[in-house]
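> Below is one structure. I have some questions about it.
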Amino acid sequence: QVQLVESGGGLVQAGGSLRLSCAASGSIWSIRVMAWYRQNPGEQRYLVASKTNSGSTYYVHDVKDRFTISRDNGKNTMTVHLQMNNLQPEDTGVYYCNVDGINGRYWGQGTQVTVSS
């Protein structure tokens with residue numbers, strides 16, 4: 001089992017920045033990919049950014065050059081961050097941390113990001 005605890009998020013004006021963090025504990029040896037998803041009411045949850053153990057990254061097209069995903073690998077924890085710069089109202093949503101590994105997929109509790117115009 002993997003436990004995920006998210007932090008960060010909040011309310012920011014357009015053009016501002018936020019940093020999301022997600023700390024994974026438990027069977028972190030099984031993790032292969034760490035990622036962030038976004039969801040708005042009535043919509044599908046979709047992938048925003050991901051980073052593999054080998055360092056390969058993916059960004060959805062509308063956040064490239066504005067968001068940066070990074071990972072810190074500790075002895076007992078593995079943390080994924082999402083640095084979000086130049087935030088826009090369309091970035092508003094609930095952001096979920098996700099890890100994908102050989103034992104399955106796990107989700108964080110979600111954190112609200114609201115960008116005002």
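By convention here, the chains of the structure tokens are called A, B, ... in the order presented, each chain's residues are numbered starting at 1, and ligands are numbered starting at 1 in the order presented.
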Could you go through region 6-103 of chain A and tell me which residues DSSP, when run on the backbone, assigns to strand (DSSP E or B), listing them as number ranges by chain?
A: 6-7, 10-13, 18-26, 31-39, 46-52, 57-59, 67-73, 78-84, 93-101
> Do a neighbour search on Leu82 (chain A) at 8 Å with only C-alpha atoms, toss out local chain neighbours closer than 3 positions, and write the hits as an MDAnalysis selection string.
chainID A and resid 19:21 36 67:70
> Counting only C-alpha atoms, which residue out of A:Ser30, A:Thr57, A:Ser17, A:Ser7 sits closest to Ile102 (chain A)?
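Ranking A:Ser30, A:Thr57, A:Ser17, A:Ser7 by distance to Ile102 (chain A), first place goes to A:Ser30.
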> Env of Glu43 (chain A): 12 Å cut, atoms = only C-alpha atoms, seq-sep filter 3 positions within chain, self excluded. Answer as a list in words.
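Contacts, in chain order: Arg38, Gln39, Asn40, Tyr46, Gly93 and Val94 of chain A.
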> Could you please write out, as a list in words, every residue of region 39-105 of chain A that DSSP assigns to helix (DSSP H, G or I)?
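Helix (DSSP H, G or I) members of region 39-105 of chain A, listed: His61, Asp62, Val63, Pro89, Glu90 and Asp91 of chain A.
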> A:Val48, A:Ser56, A:Gly104, A:Val80: which is nearest Cys22 (chain A), counting only C-alpha atoms?
A:Val80
> With only C-alpha atoms as the counted atoms, please give the residues lying no more than 9 Å from Leu11 (chain A), apart from itself and same-chain residues fewer than 5 positions off, as a list in words.
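Close residues of Leu11 (chain A): Leu18, Gln112, Val113, Thr114, Val115 and Ser116 of chain A.
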> Store the residues of this selection in a file with C-alpha atoms, as a short mmCIF file (atom, residue, chain, number, x, y, z; two decimals), in the first residue's frame.

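Writing done, so here's selection_17.cif:
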data_model
loop_
_atom_site.label_atom_id
_atom_site.label_comp_id
_atom_site.auth_asym_id
_atom_site.auth_seq_id
_atom_site.Cartn_x
_atom_site.Cartn_y
_atom_site.Cartn_z
CA LEU A 18 1.34 28.08 -6.40
CA GLN A 112 -8.47 22.94 -4.60
CA VAL A 113 -6.75 25.51 -6.78
CA THR A 114 -8.77 28.61 -7.62
CA VAL A 115 -7.43 31.33 -9.93
CA SER A 116 -9.33 34.58 -10.00
#
> Contacts of Asp72 (chain A) at 10 Å or less, counting only C-alpha atoms, minus same-chain residues fewer than 4 places along, as a ChimeraX atom specification?
/A:23,77-81
> Can you list, as number ranges by chain, every protein, DNA or RNA residue that comes within 6 Å of Leu87 (chain A) when you count only C-alpha atoms, leaving out same-chain residues fewer than 5 positions away?
A: 14-16
> May I ask which of the residues A:Val33, A:Leu47, A:Ile28, A:Leu4 is the closest one to Tyr106 (chain A), counting only C-alpha atoms?
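For Tyr106 (chain A), the nearest of the given residues is A:Leu4.
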> State, in Å with one decimal place, the distance from CA of Asp100 (chain A) to CA of Met84 (chain A).
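Separating CA of Asp100 (chain A) from CA of Met84 (chain A) is a distance of 22.1 Å.
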